[in-house]
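Chemist: Next comes structure_13.cif, mmCIF, C-alpha atoms and all ligand atoms:
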data_coords
loop_
_atom_site.label_atom_id
_atom_site.label_comp_id
_atom_site.auth_asym_id
_atom_site.auth_seq_id
_atom_site.Cartn_x
_atom_site.Cartn_y
_atom_site.Cartn_z
CA MET X 2 12.00 27.61 18.92
CA ALA X 3 13.05 26.15 15.58
CA GLN X 4 16.51 27.18 14.44
CA GLN X 5 17.71 27.96 10.95
CA ARG X 6 17.46 24.94 8.68
CA ILE X 7 20.62 22.80 8.47
CA THR X 8 20.99 21.70 4.85
CA SER X 9 23.30 19.56 2.75
CA ASP X 10 23.73 18.97 -0.97
CA LEU X 11 24.96 15.40 -0.40
CA ASP X 12 23.08 12.76 -2.40
CA PRO X 13 22.95 9.43 -0.53
CA PHE X 14 21.80 7.65 -3.69
CA SER X 15 24.65 8.92 -5.88
CA GLU X 16 27.41 6.60 -7.05
CA SER X 17 30.11 8.54 -5.22
CA PHE X 18 28.22 8.48 -1.91
CA ARG X 19 27.40 4.80 -2.22
CA ALA X 20 31.00 3.93 -3.10
CA ASP X 21 32.10 5.21 0.32
CA PRO X 22 29.00 5.70 2.47
CA TYR X 23 30.83 5.69 5.80
CA ALA X 24 32.95 8.79 5.05
CA HIS X 25 29.79 10.58 3.90
CA TYR X 26 27.87 9.50 7.00
CA ALA X 27 30.61 11.10 9.12
CA GLN X 28 30.17 14.35 7.16
CA LEU X 29 26.43 14.26 7.79
CA ARG X 30 26.89 13.48 11.50
CA ALA X 31 29.17 16.52 11.80
CA LEU X 32 26.41 18.78 10.44
CA GLY X 33 23.87 18.04 13.16
CA PRO X 34 21.23 15.61 14.42
CA ILE X 35 18.80 16.17 11.54
CA VAL X 36 19.64 17.64 8.16
CA TRP X 37 17.61 18.73 5.14
CA LEU X 38 18.79 17.07 1.90
CA GLU X 39 18.22 19.68 -0.77
CA LYS X 40 18.38 17.35 -3.74
CA TYR X 41 15.32 15.32 -2.69
CA GLY X 42 13.57 17.69 -0.29
CA ILE X 43 13.76 15.15 2.54
CA TRP X 44 15.20 15.05 6.06
CA VAL X 45 17.93 12.69 7.19
CA VAL X 46 18.91 11.43 10.66
CA GLN X 47 22.33 9.85 11.06
CA HIS X 48 23.24 9.55 14.76
CA HIS X 49 22.42 6.43 16.74
CA ALA X 50 20.29 8.39 19.25
CA GLN X 51 18.00 9.99 16.64
CA VAL X 52 17.86 6.86 14.48
CA LYS X 53 16.59 4.93 17.48
CA GLU X 54 14.20 7.69 18.51
CA VAL X 55 12.63 8.11 15.06
CA LEU X 56 12.25 4.35 14.58
CA THR X 57 10.50 3.94 17.92
CA ASP X 58 8.24 7.02 17.68
CA PHE X 59 5.65 5.58 15.29
CA LYS X 60 3.02 8.18 16.24
CA ARG X 61 5.05 11.04 14.77
CA PHE X 62 7.12 9.05 12.23
CA SER X 63 4.82 6.81 10.20
CA ASN X 64 5.48 3.84 7.91
CA ALA X 65 2.33 4.43 5.89
CA GLY X 66 4.18 6.97 3.73
CA GLY X 67 6.12 4.03 2.23
CA GLY X 68 9.40 2.21 2.80
CA GLY X 69 11.27 4.25 0.17
CA LEU X 70 11.72 7.69 -1.31
CA THR X 71 8.26 7.65 -2.94
CA ASN X 72 5.83 9.41 -0.63
CA TYR X 73 2.58 7.39 -0.59
CA PHE X 74 0.77 10.35 1.00
CA LYS X 75 1.45 12.19 -2.26
CA GLU X 76 2.16 9.57 -4.97
CA LYS X 77 1.01 6.05 -5.84
CA SER X 78 3.28 3.02 -5.36
CA TRP X 79 4.12 0.67 -8.29
CA ARG X 80 2.82 -2.28 -6.25
CA LYS X 81 0.25 -2.66 -3.50
CA PRO X 82 2.00 -1.39 -0.32
CA SER X 83 3.25 -4.00 2.16
CA ILE X 84 0.62 -4.81 4.79
CA ILE X 85 3.29 -5.19 7.47
CA LEU X 86 6.15 -2.80 6.65
CA GLU X 87 4.06 0.02 5.23
CA VAL X 88 1.30 0.27 7.83
CA ASP X 89 1.06 1.71 11.34
CA PRO X 90 -0.68 0.38 14.47
CA PRO X 91 -3.30 -0.91 14.98
CA GLU X 92 -3.26 -2.61 11.51
CA HIS X 93 0.40 -3.47 11.93
CA GLU X 94 -0.05 -5.45 15.16
CA ARG X 95 -2.41 -7.93 13.55
CA THR X 96 -0.22 -8.82 10.56
CA ARG X 97 3.03 -8.70 12.52
CA ARG X 98 1.70 -11.14 15.14
CA VAL X 99 1.13 -13.77 12.45
CA LEU X 100 4.74 -13.58 11.29
CA MET X 101 6.23 -13.32 14.80
CA ARG X 102 4.63 -16.62 15.76
CA LEU X 103 6.47 -18.46 12.98
CA PHE X 104 9.89 -18.13 14.54
CA THR X 105 9.56 -20.36 17.60
CA PRO X 106 12.69 -22.04 19.02
CA GLY X 107 11.42 -25.37 17.61
CA ALA X 108 10.93 -23.93 14.11
CA LEU X 109 14.38 -22.34 14.19
CA GLN X 110 15.97 -25.60 15.34
CA LYS X 111 14.36 -27.43 12.42
CA MET X 112 15.68 -24.78 10.04
CA ARG X 113 19.16 -25.03 11.56
CA VAL X 114 19.45 -28.70 10.61
CA GLY X 115 18.53 -28.02 6.97
CA PHE X 116 20.79 -24.95 6.80
CA GLN X 117 23.78 -26.94 8.12
CA VAL X 118 23.46 -29.67 5.50
CA GLU X 119 23.29 -27.08 2.73
CA ALA X 120 26.16 -24.91 4.07
CA ASN X 121 28.52 -27.87 4.48
CA ALA X 122 27.75 -29.19 0.99
CA LEU X 123 28.28 -25.72 -0.49
CA MET X 124 31.68 -25.26 1.18
CA ASP X 125 32.78 -28.71 0.01
CA ARG X 126 31.80 -27.80 -3.56
CA ILE X 127 33.93 -24.67 -3.70
CA ALA X 128 36.84 -25.49 -1.33
CA ASP X 129 39.30 -26.80 -3.93
CA ARG X 130 38.27 -24.54 -6.79
CA GLY X 131 41.28 -22.23 -6.34
CA GLU X 132 39.67 -18.98 -7.51
CA ILE X 133 35.97 -18.18 -7.34
CA GLU X 134 33.59 -15.31 -7.94
CA ALA X 135 32.27 -15.48 -4.40
CA ILE X 136 28.93 -13.68 -4.81
CA SER X 137 27.52 -15.95 -7.53
CA GLU X 138 29.32 -19.15 -6.48
CA LEU X 139 29.51 -19.01 -2.69
CA VAL X 140 27.10 -16.43 -1.31
CA GLN X 141 23.94 -16.36 -3.47
CA PRO X 142 23.45 -20.14 -3.66
CA PHE X 143 22.96 -20.40 0.11
CA PRO X 144 19.96 -18.07 0.78
CA LEU X 145 18.58 -18.86 -2.67
CA LYS X 146 18.29 -22.50 -1.59
CA VAL X 147 17.57 -22.41 2.15
CA PHE X 148 15.12 -19.51 2.18
CA PRO X 149 12.62 -20.72 -0.46
CA ASP X 150 12.98 -24.23 1.03
CA ALA X 151 11.97 -22.82 4.44
CA VAL X 152 9.02 -20.97 2.88
CA GLY X 153 7.96 -24.18 1.12
CA MET X 154 8.43 -23.08 -2.49
CA PRO X 155 9.06 -25.55 -5.32
CA PRO X 156 12.65 -25.73 -6.66
CA LEU X 157 11.76 -23.83 -9.84
CA ASP X 158 13.23 -20.65 -11.40
CA ARG X 159 14.20 -19.25 -8.01
CA ASP X 160 16.61 -16.81 -9.68
CA LYS X 161 13.55 -14.71 -10.46
CA MET X 162 13.47 -13.82 -6.76
CA LEU X 163 16.63 -11.79 -7.34
CA VAL X 164 14.98 -9.76 -10.10
CA TYR X 165 11.96 -9.19 -7.87
CA GLY X 166 14.19 -8.19 -4.92
CA GLY X 167 15.96 -5.72 -7.22
CA MET X 168 12.61 -4.14 -8.05
CA VAL X 169 11.46 -3.92 -4.44
CA PHE X 170 14.68 -2.44 -3.08
CA GLY X 171 15.43 -0.48 -6.26
CA GLY X 172 12.00 1.10 -5.79
CA PHE X 173 13.14 2.55 -2.46
CA GLY X 174 15.50 4.95 -4.27
CA PRO X 175 15.09 7.64 -6.96
CA ARG X 176 13.84 6.79 -10.45
CA THR X 177 17.03 6.21 -12.45
CA ALA X 178 17.59 4.86 -15.99
CA TRP X 179 18.84 1.63 -14.35
CA TYR X 180 15.58 1.27 -12.45
CA GLU X 181 13.34 2.09 -15.42
CA LYS X 182 15.13 -0.60 -17.44
CA LEU X 183 14.71 -3.15 -14.66
CA MET X 184 11.02 -2.30 -14.35
CA GLU X 185 10.41 -3.31 -17.98
CA GLN X 186 10.25 -6.82 -16.50
CA ALA X 187 7.71 -5.79 -13.85
CA PRO X 188 4.57 -7.30 -15.46
CA GLU X 189 6.24 -10.71 -15.94
CA ILE X 190 7.93 -10.75 -12.52
CA SER X 191 4.85 -9.50 -10.64
CA ALA X 192 2.78 -12.29 -12.22
CA TRP X 193 5.46 -14.84 -11.27
CA VAL X 194 5.59 -13.63 -7.64
CA ASP X 195 1.81 -13.56 -7.46
CA ALA X 196 1.61 -17.19 -8.59
CA ARG X 197 4.38 -18.28 -6.19
CA CYS X 198 2.50 -16.78 -3.22
CA GLU X 199 -0.68 -18.81 -3.86
CA ARG X 200 -1.41 -21.44 -1.24
CA SER X 201 -1.51 -24.15 -3.91
CA ALA X 202 2.08 -23.28 -4.95
CA LEU X 203 3.46 -23.92 -1.44
CA ASN X 204 4.08 -27.22 0.31
CA ASP X 205 2.39 -28.09 3.63
CA GLU X 206 5.47 -27.86 5.87
CA GLY X 207 6.92 -24.42 5.20
CA LEU X 208 6.50 -20.92 6.62
CA GLY X 209 4.09 -20.11 3.76
CA ALA X 210 1.70 -22.89 4.82
CA ALA X 211 1.91 -21.66 8.43
CA ILE X 212 0.86 -18.16 7.29
CA TYR X 213 -2.16 -19.61 5.48
CA ALA X 214 -2.97 -21.69 8.59
CA ALA X 215 -3.14 -18.41 10.55
CA ALA X 216 -5.67 -17.21 7.97
CA ASP X 217 -7.71 -20.42 8.50
CA ALA X 218 -7.69 -19.57 12.21
CA GLY X 219 -9.12 -16.13 11.42
CA GLN X 220 -6.06 -14.07 12.39
CA VAL X 221 -5.86 -12.49 8.91
CA THR X 222 -7.82 -12.96 5.69
CA HIS X 223 -6.62 -15.33 2.97
CA ASP X 224 -5.83 -12.38 0.69
CA GLU X 225 -3.73 -10.90 3.48
CA ALA X 226 -1.96 -14.23 3.96
CA LYS X 227 -0.92 -14.09 0.33
CA LEU X 228 0.48 -10.57 0.79
CA LEU X 229 2.39 -11.70 3.89
CA VAL X 230 4.00 -14.50 1.90
CA ARG X 231 4.89 -11.81 -0.64
CA SER X 232 6.50 -9.76 2.16
CA PHE X 233 8.75 -12.72 2.88
CA LEU X 234 9.76 -13.08 -0.75
CA SER X 235 10.44 -9.31 -0.90
CA ALA X 236 12.48 -9.05 2.28
CA GLY X 237 14.05 -12.46 2.77
CA VAL X 238 16.52 -13.03 -0.05
CA ASP X 239 18.49 -9.97 -1.18
CA THR X 240 18.95 -8.75 2.39
CA THR X 241 20.57 -11.99 3.50
CA ILE X 242 22.63 -12.41 0.33
CA ASP X 243 24.02 -8.89 0.61
CA SER X 244 24.70 -9.13 4.35
CA ILE X 245 26.47 -12.49 4.03
CA GLY X 246 28.44 -11.21 1.00
CA LEU X 247 29.60 -8.10 2.88
CA CYS X 248 30.61 -10.23 5.88
CA VAL X 249 32.65 -12.58 3.63
CA ASN X 250 34.29 -9.46 2.20
CA ALA X 251 35.02 -8.03 5.67
CA LEU X 252 36.66 -11.32 6.72
CA ALA X 253 38.71 -11.51 3.51
CA GLN X 254 39.84 -7.90 4.03
CA HIS X 255 40.81 -8.54 7.68
CA PRO X 256 43.01 -11.68 7.74
CA GLU X 257 43.52 -11.47 11.51
CA GLN X 258 39.73 -11.61 12.03
CA TRP X 259 39.46 -14.51 9.58
CA ARG X 260 42.18 -16.38 11.53
CA ALA X 261 40.35 -15.69 14.80
CA LEU X 262 37.17 -17.19 13.34
CA GLN X 263 39.04 -20.23 12.03
CA GLU X 264 40.61 -20.77 15.44
CA ASP X 265 37.20 -20.55 17.10
CA PRO X 266 34.31 -21.22 14.67
CA SER X 267 31.85 -20.73 17.54
CA LEU X 268 32.43 -16.99 16.90
CA ALA X 269 30.45 -17.33 13.65
CA ARG X 270 27.28 -15.75 15.02
CA ALA X 271 29.24 -12.90 16.61
CA ALA X 272 31.12 -12.31 13.34
CA PHE X 273 27.86 -11.95 11.41
CA GLU X 274 26.46 -9.68 14.12
CA GLU X 275 29.52 -7.44 13.93
CA ALA X 276 29.25 -7.32 10.14
CA THR X 277 25.60 -6.27 10.53
CA ARG X 278 26.89 -3.24 12.42
CA TYR X 279 30.06 -2.66 10.38
CA ASP X 280 28.92 -3.13 6.77
CA SER X 281 25.50 -4.57 6.08
CA SER X 282 22.76 -4.78 3.47
CA SER X 283 20.26 -2.47 5.18
CA GLN X 284 21.71 1.02 5.40
CA SER X 285 18.70 3.26 5.07
CA LEU X 286 15.04 3.18 6.01
CA PHE X 287 12.30 5.77 5.58
CA ARG X 288 9.64 7.27 7.80
CA THR X 289 7.13 10.06 7.03
CA THR X 290 5.94 12.66 9.52
CA THR X 291 2.27 12.41 10.50
CA GLU X 292 2.05 16.13 11.34
CA ALA X 293 4.11 19.32 11.33
CA LEU X 294 6.53 19.06 14.26
CA GLU X 295 9.67 20.48 15.74
CA TYR X 296 12.47 17.95 16.12
CA GLU X 297 16.01 18.64 17.35
CA GLY X 298 15.51 22.35 16.72
CA GLN X 299 14.34 21.90 13.12
CA GLN X 300 10.83 22.53 11.80
CA LEU X 301 9.48 19.51 9.90
CA GLY X 302 6.35 19.76 7.74
CA LYS X 303 3.38 17.38 7.68
CA HIS X 304 4.12 14.31 5.49
CA ASP X 305 7.82 15.13 5.15
CA LYS X 306 9.98 12.13 4.35
CA VAL X 307 12.78 11.25 6.79
CA LEU X 308 15.68 9.08 5.69
CA VAL X 309 16.89 7.01 8.65
CA LEU X 310 20.53 5.96 8.21
CA ILE X 311 20.92 2.82 10.32
CA GLY X 312 24.27 2.19 8.58
CA SER X 313 25.51 5.50 9.99
CA ALA X 314 24.15 4.70 13.46
CA GLY X 315 26.32 1.57 13.37
CA ARG X 316 29.41 3.78 12.99
CA ASP X 317 28.47 6.49 15.47
CA PRO X 318 31.46 7.09 17.80
CA ALA X 319 29.06 8.26 20.52
CA VAL X 320 27.97 4.63 20.93
CA TRP X 321 30.73 2.41 19.54
CA GLU X 322 34.39 2.34 20.51
CA GLU X 323 36.56 2.60 17.38
CA PRO X 324 33.46 2.22 15.18
CA ASP X 325 35.44 1.85 11.96
CA ARG X 326 37.26 -1.26 13.23
CA PHE X 327 35.85 -4.67 12.26
CA ASP X 328 36.19 -6.80 15.38
CA ILE X 329 34.32 -10.10 15.59
CA ARG X 330 34.81 -10.22 19.37
CA ARG X 331 33.05 -6.89 19.90
CA ARG X 332 30.13 -7.01 22.35
CA ILE X 333 27.16 -5.69 20.40
CA THR X 334 24.57 -4.18 22.70
CA ALA X 335 23.06 -1.43 20.56
CA GLN X 336 22.46 -3.13 17.21
CA VAL X 337 20.19 -1.23 14.81
CA GLY X 338 21.19 -3.14 11.67
CA TYR X 339 17.82 -4.93 11.76
CA GLY X 340 16.00 -1.69 12.58
CA THR X 341 14.34 -1.30 15.98
CA GLY X 342 10.91 -0.62 17.46
CA ILE X 343 7.68 -2.14 16.19
CA HIS X 344 8.99 -2.69 12.64
CA GLY X 345 12.37 -4.16 13.64
CA CYS X 346 13.10 -7.13 11.35
CA VAL X 347 10.50 -9.77 12.13
CA ALA X 348 12.80 -12.53 10.85
CA GLN X 349 16.04 -11.37 12.44
CA MET X 350 16.46 -14.64 14.32
CA MET X 351 16.24 -16.52 11.05
CA ALA X 352 18.67 -14.12 9.36
CA ARG X 353 21.13 -14.51 12.24
CA LEU X 354 20.77 -18.27 12.03
CA GLU X 355 21.55 -18.24 8.30
CA GLY X 356 24.65 -16.15 9.01
CA GLU X 357 25.78 -18.28 11.93
CA VAL X 358 25.47 -21.57 10.05
CA PHE X 359 27.09 -20.18 6.89
CA PHE X 360 30.13 -18.66 8.66
CA ARG X 361 30.64 -21.66 10.89
CA ALA X 362 30.79 -23.95 7.84
CA LEU X 363 33.09 -21.46 6.08
CA ALA X 364 35.50 -21.34 9.04
CA GLU X 365 35.48 -25.11 9.50
CA ARG X 366 35.95 -26.06 5.85
CA ILE X 367 37.81 -23.25 4.07
CA GLY X 368 41.50 -22.44 4.64
CA ARG X 369 42.53 -19.58 2.37
CA LEU X 370 40.11 -16.68 1.88
CA GLU X 371 41.85 -13.85 0.05
CA PRO X 372 40.74 -11.17 -2.39
CA THR X 373 42.32 -11.60 -5.86
CA SER X 374 41.07 -8.35 -7.41
CA ALA X 375 38.70 -5.51 -6.63
CA SER X 376 35.06 -6.25 -5.80
CA GLN X 377 32.19 -4.39 -7.50
CA LEU X 378 29.21 -2.80 -5.78
CA ARG X 379 25.62 -3.61 -6.65
CA LEU X 380 23.54 -0.77 -8.08
CA THR X 381 20.30 -1.41 -6.16
CA PRO X 382 19.74 1.86 -4.23
CA GLY X 383 17.70 0.46 -1.32
CA LEU X 384 20.35 -2.07 -0.32
CA ARG X 385 24.11 -2.22 0.01
CA GLY X 386 25.77 -5.30 -1.42
CA LEU X 387 28.40 -6.63 -3.78
CA LEU X 388 27.85 -7.61 -7.39
CA THR X 389 31.16 -9.47 -7.61
CA LEU X 390 33.81 -10.57 -5.11
CA PRO X 391 36.77 -12.44 -6.63
CA LEU X 392 38.46 -14.62 -4.00
CA ALA X 393 41.17 -17.25 -3.74
CA VAL X 394 40.05 -20.20 -1.61
CA SER X 395 41.51 -23.52 -0.47
CA PRO X 396 40.24 -26.41 1.64
CA ARG X 397 41.11 -26.29 5.31
C1 LIG P 1 20.56 -10.08 7.15
C2 LIG P 1 19.32 -10.09 6.70
C3 LIG P 1 18.29 -9.05 7.01
C4 LIG P 1 18.43 -7.73 7.33
C5 LIG P 1 19.73 -6.93 7.48
C6 LIG P 1 17.09 -7.20 7.53
C7 LIG P 1 16.80 -5.90 7.88
C8 LIG P 1 15.55 -5.42 8.16
C9 LIG P 1 15.27 -4.09 8.64
C10 LIG P 1 16.32 -3.00 8.87
C11 LIG P 1 13.93 -3.98 8.86
C12 LIG P 1 13.17 -2.76 9.38
C13 LIG P 1 12.53 -1.96 8.28
C14 LIG P 1 11.93 -0.67 8.80
O1 LIG P 1 11.81 -0.47 10.01
O2 LIG P 1 11.59 0.21 7.97
C15 LIG P 1 13.35 -5.26 8.48
C16 LIG P 1 12.00 -5.54 8.53
C17 LIG P 1 11.45 -6.71 8.02
N1 LIG P 1 12.14 -7.83 7.61
FE1 LIG P 1 14.15 -8.07 7.59
N2 LIG P 1 16.18 -8.20 7.32
C18 LIG P 1 16.86 -9.34 7.00
C19 LIG P 1 16.31 -10.58 6.72
C20 LIG P 1 14.97 -10.85 6.63
C21 LIG P 1 14.38 -12.13 6.29
C22 LIG P 1 15.19 -13.41 6.03
C23 LIG P 1 13.04 -11.95 6.24
C24 LIG P 1 11.93 -12.95 5.94
C25 LIG P 1 11.94 -14.20 6.34
C26 LIG P 1 12.76 -10.58 6.60
C27 LIG P 1 11.50 -10.02 6.71
C28 LIG P 1 11.24 -8.76 7.19
C29 LIG P 1 9.88 -8.22 7.32
C30 LIG P 1 8.58 -8.92 6.95
C31 LIG P 1 10.03 -6.92 7.85
C32 LIG P 1 8.90 -5.93 8.19
C33 LIG P 1 8.61 -6.03 9.66
C34 LIG P 1 7.58 -5.02 10.15
O3 LIG P 1 7.33 -4.04 9.45
O4 LIG P 1 7.03 -5.22 11.25
N3 LIG P 1 13.96 -9.93 6.83
N4 LIG P 1 14.36 -6.12 8.09
#
The structure in this file should be written as structure tokens.
Ligand code: HEM
Modeler:
Amino acid sequence: MAQQRITSDLDPFSESFRADPYAHYAQLRALGPIVWLEKYGIWVVQHHAQVKEVLTDFKRFSNAGGGGLTNYFKEKSWRKPSIILEVDPPEHERTRRVLMRLFTPGALQKMRVGFQVEANALMDRIADRGEIEAISELVQPFPLKVFPDAVGMPPLDRDKMLVYGGMVFGGFGPRTAWYEKLMEQAPEISAWVDARCERSALNDEGLGAAIYAAADAGQVTHDEAKLLVRSFLSAGVDTTIDSIGLCVNALAQHPEQWRALQEDPSLARAAFEEATRYDSSSQSLFRTTTEALEYEGQQLGKHDKVLVLIGSAGRDPAVWEEPDRFDIRRRITAQVGYGTGIHGCVAQMMARLEGEVFFRALAERIGRLEPTSASQLRLTPGLRGLLTLPLAVSPR
């Protein structure tokens, strides 16, 4: 029988919560396995076990209600919903299969070569600069170059992808003055994205062309192919920038871990994996109940939104030993930083590759990596990341 409702007045989108999410996650975990957040009238799950369960139970916890706070069963989205992230089976299987097939070992190996050239050149450019603002000078330039190159986009006004990413992930949170201001650019940016996703705007070698080739083969329609390219542009840039930025920050804040990586640069992939658990871009996902149901002793209504805190699952002491310690040698066996279940990040092997190549080049070519003053957080509610990260650097 359902018990009395467990409630909290915590606001996961507030500035104070976002400034120190991990302390707040611990407070939520102490309350129970599922909690009602009064401010938004939504549920939240915060333990590894329930996060995993909700993400894998797509029959009861749907994606069709939207990837953010807006409930598509009750309100309209500002853009056409994603045809991969915001749909359930059987529709989901068809679109997902097209994207899954892109990341073959051969395709990843080809990407690796291009990524390495870019990462090494980037490190050489900044190594003797003394002091840098690491987000704009070290972190952003890497995904902003290698990702659109891999998709097959022309080298034009790629910075607009950051504005678009801000709108997509900003749209996952509540409507704030910051978001309304950003959305004044929506007509211009939507038109730009739309044009960039056209087949004629993409070269013949990239991931974009491969998606259109799947449409030629009848696996999806050509209109769907365009929306799948859009999904890449939505999900492929800010996520990687923020995750790499937070990992650079974690290394700069933990000199002994930075030394360990320098001594053995082959730990680069493990370091990025640990950062994806410890402090990563994707902290929160959403699901919506398909029907009224009882879960962990609480009574959920039909079409209730459920906030799924994967960032909290990464710090759950029931699963991780000393979860608040950043340890690049940790064996990660229960990663949920890329989600899990049928919607688990379709490009996680590419994201890991970007991280591995970036941190290997950093460890091999940079000596000093020290914070010079406080970093600033980004405001985008759907993602965690840094706006600025002042660092002192030297060549190795
Ligand atoms: C470090 C970087 C990244 C992180 C942390 C990340 C995280 C995630 C997470 C947590 C999900 C699951 C969403 C959910 O279940 O609601 C997801 C899905 C997805 N990601 Fe990523 N992602 C990253 C990079 C990328 C890149 C580079 C791309 C594109 C090339 C991408 C494309 C996608 C797509 C299309 C989905 C939807 C998959 C589906 O619904 O089946 N992601 N990602």
Chemist: Could you tell me how far CA of Ile311 in chain X lies from CA of Ile43 in chain X, in Å and to one decimal?
Modeler: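 So the two atoms, CA of Ile311 in chain X and CA of Ile43 in chain X, lie 16.2 Å apart.
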Chemist: Taking into account all atoms listed in the file, which residue in the set X:Lys306, X:Lys182, X:Arg278, X:Arg353 is nearest to Ala293 in chain X?
Modeler: X:Lys306
Chemist: Would you name the residues within 8 Å of ligand LIG 1 (chain P), counting only C-alpha atoms and all ligand atoms, and put them as an MDAnalysis selection string?
Modeler: chainID X and resid 56 64 68 85:88 93 97 100 148 229 232:245 277 281:288 311 337:349 351:353 356
Chemist: Hey, what's within 10 Å of Asn250 in chain X if we count all atoms listed in the file and toss same-chain stuff fewer than 4 positions away? As a PDB file with C-alpha atoms, keeping the file's coordinate frame, please?
Modeler:
ATOM      1  CA  ALA X 135      32.270 -15.480  -4.400  1.00  0.00           C
ATOM      2  CA  ILE X 136      28.930 -13.680  -4.810  1.00  0.00           C
ATOM      3  CA  SER X 244      24.700  -9.130   4.350  1.00  0.00           C
ATOM      4  CA  ILE X 245      26.470 -12.490   4.030  1.00  0.00           C
ATOM      5  CA  GLY X 246      28.440 -11.210   1.000  1.00  0.00           C
ATOM      6  CA  GLN X 254      39.840  -7.900   4.030  1.00  0.00           C
ATOM      7  CA  HIS X 255      40.810  -8.540   7.680  1.00  0.00           C
ATOM      8  CA  ALA X 276      29.250  -7.320  10.140  1.00  0.00           C
ATOM      9  CA  ASP X 280      28.920  -3.130   6.770  1.00  0.00           C
ATOM     10  CA  LEU X 370      40.110 -16.680   1.880  1.00  0.00           C
ATOM     11  CA  GLU X 371      41.850 -13.850   0.050  1.00  0.00           C
ATOM     12  CA  PRO X 372      40.740 -11.170  -2.390  1.00  0.00           C
ATOM     13  CA  SER X 376      35.060  -6.250  -5.800  1.00  0.00           C
ATOM     14  CA  LEU X 387      28.400  -6.630  -3.780  1.00  0.00           C
ATOM     15  CA  LEU X 390      33.810 -10.570  -5.110  1.00  0.00           C
ATOM     16  CA  PRO X 391      36.770 -12.440  -6.630  1.00  0.00           C
ATOM     17  CA  LEU X 392      38.460 -14.620  -4.000  1.00  0.00           C
TER      18      LEU X 392
END
Chemist: Rank nothing, just name the residue among X:Ile35, X:Ala364, X:Met101, X:Ala253 nearest to His48 in chain X, using only C-alpha atoms.
Modeler: X:Ile35
Chemist: Neighbourhood query: residues within 12 Å of (25.3, -27.5, 4.1), file coordinates, counting all atoms listed in the file; return as number ranges by chain.
Modeler: X: 112-127, 139, 142-144, 146-147, 355, 358-363, 365-366
Chemist: N, CA and C atoms are what I want for range 86-99 of chain X; can you complete it accordingly and write them as a PDB file, keeping the file's coordinate frame?
Modeler:
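See out.pdb below for the written result:
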ATOM      1  N   LEU X  86       5.127  -3.856   6.561  1.00  0.00           N
ATOM      2  CA  LEU X  86       6.150  -2.800   6.650  1.00  0.00           C
ATOM      3  C   LEU X  86       5.556  -1.412   6.452  1.00  0.00           C
ATOM      4  N   GLU X  87       4.528  -1.309   5.614  1.00  0.00           N
ATOM      5  CA  GLU X  87       4.060   0.020   5.230  1.00  0.00           C
ATOM      6  C   GLU X  87       2.710   0.384   5.849  1.00  0.00           C
ATOM      7  N   VAL X  88       2.495  -0.115   7.062  1.00  0.00           N
ATOM      8  CA  VAL X  88       1.300   0.270   7.830  1.00  0.00           C
ATOM      9  C   VAL X  88       1.698   0.600   9.268  1.00  0.00           C
ATOM     10  N   ASP X  89       0.832   1.328   9.940  1.00  0.00           N
ATOM     11  CA  ASP X  89       1.060   1.710  11.340  1.00  0.00           C
ATOM     12  C   ASP X  89       0.094   0.921  12.233  1.00  0.00           C
ATOM     13  N   PRO X  90       0.308   0.965  13.568  1.00  0.00           N
ATOM     14  CA  PRO X  90      -0.680   0.380  14.470  1.00  0.00           C
ATOM     15  C   PRO X  90      -2.019   1.107  14.293  1.00  0.00           C
ATOM     16  N   PRO X  91      -3.175   0.475  14.499  1.00  0.00           N
ATOM     17  CA  PRO X  91      -3.300  -0.910  14.980  1.00  0.00           C
ATOM     18  C   PRO X  91      -3.196  -1.982  13.887  1.00  0.00           C
ATOM     19  N   GLU X  92      -3.305  -1.594  12.583  1.00  0.00           N
ATOM     20  CA  GLU X  92      -3.260  -2.610  11.510  1.00  0.00           C
ATOM     21  C   GLU X  92      -1.990  -3.454  11.619  1.00  0.00           C
ATOM     22  N   HIS X  93      -0.887  -2.790  11.923  1.00  0.00           N
ATOM     23  CA  HIS X  93       0.400  -3.470  11.930  1.00  0.00           C
ATOM     24  C   HIS X  93       0.466  -4.622  12.923  1.00  0.00           C
ATOM     25  N   GLU X  94      -0.153  -4.423  14.103  1.00  0.00           N
ATOM     26  CA  GLU X  94      -0.050  -5.450  15.160  1.00  0.00           C
ATOM     27  C   GLU X  94      -0.599  -6.789  14.694  1.00  0.00           C
ATOM     28  N   ARG X  95      -1.701  -6.712  13.958  1.00  0.00           N
ATOM     29  CA  ARG X  95      -2.410  -7.930  13.550  1.00  0.00           C
ATOM     30  C   ARG X  95      -1.544  -8.745  12.567  1.00  0.00           C
ATOM     31  N   THR X  96      -1.005  -8.086  11.570  1.00  0.00           N
ATOM     32  CA  THR X  96      -0.220  -8.820  10.560  1.00  0.00           C
ATOM     33  C   THR X  96       1.133  -9.253  11.138  1.00  0.00           C
ATOM     34  N   ARG X  97       1.716  -8.382  11.945  1.00  0.00           N
ATOM     35  CA  ARG X  97       3.030  -8.700  12.520  1.00  0.00           C
ATOM     36  C   ARG X  97       2.938  -9.933  13.431  1.00  0.00           C
ATOM     37  N   ARG X  98       1.844 -10.021  14.201  1.00  0.00           N
ATOM     38  CA  ARG X  98       1.700 -11.140  15.140  1.00  0.00           C
ATOM     39  C   ARG X  98       1.750 -12.478  14.400  1.00  0.00           C
ATOM     40  N   VAL X  99       1.142 -12.520  13.234  1.00  0.00           N
ATOM     41  CA  VAL X  99       1.130 -13.770  12.450  1.00  0.00           C
ATOM     42  C   VAL X  99       2.568 -14.186  12.100  1.00  0.00           C
TER      43      VAL X  99
END
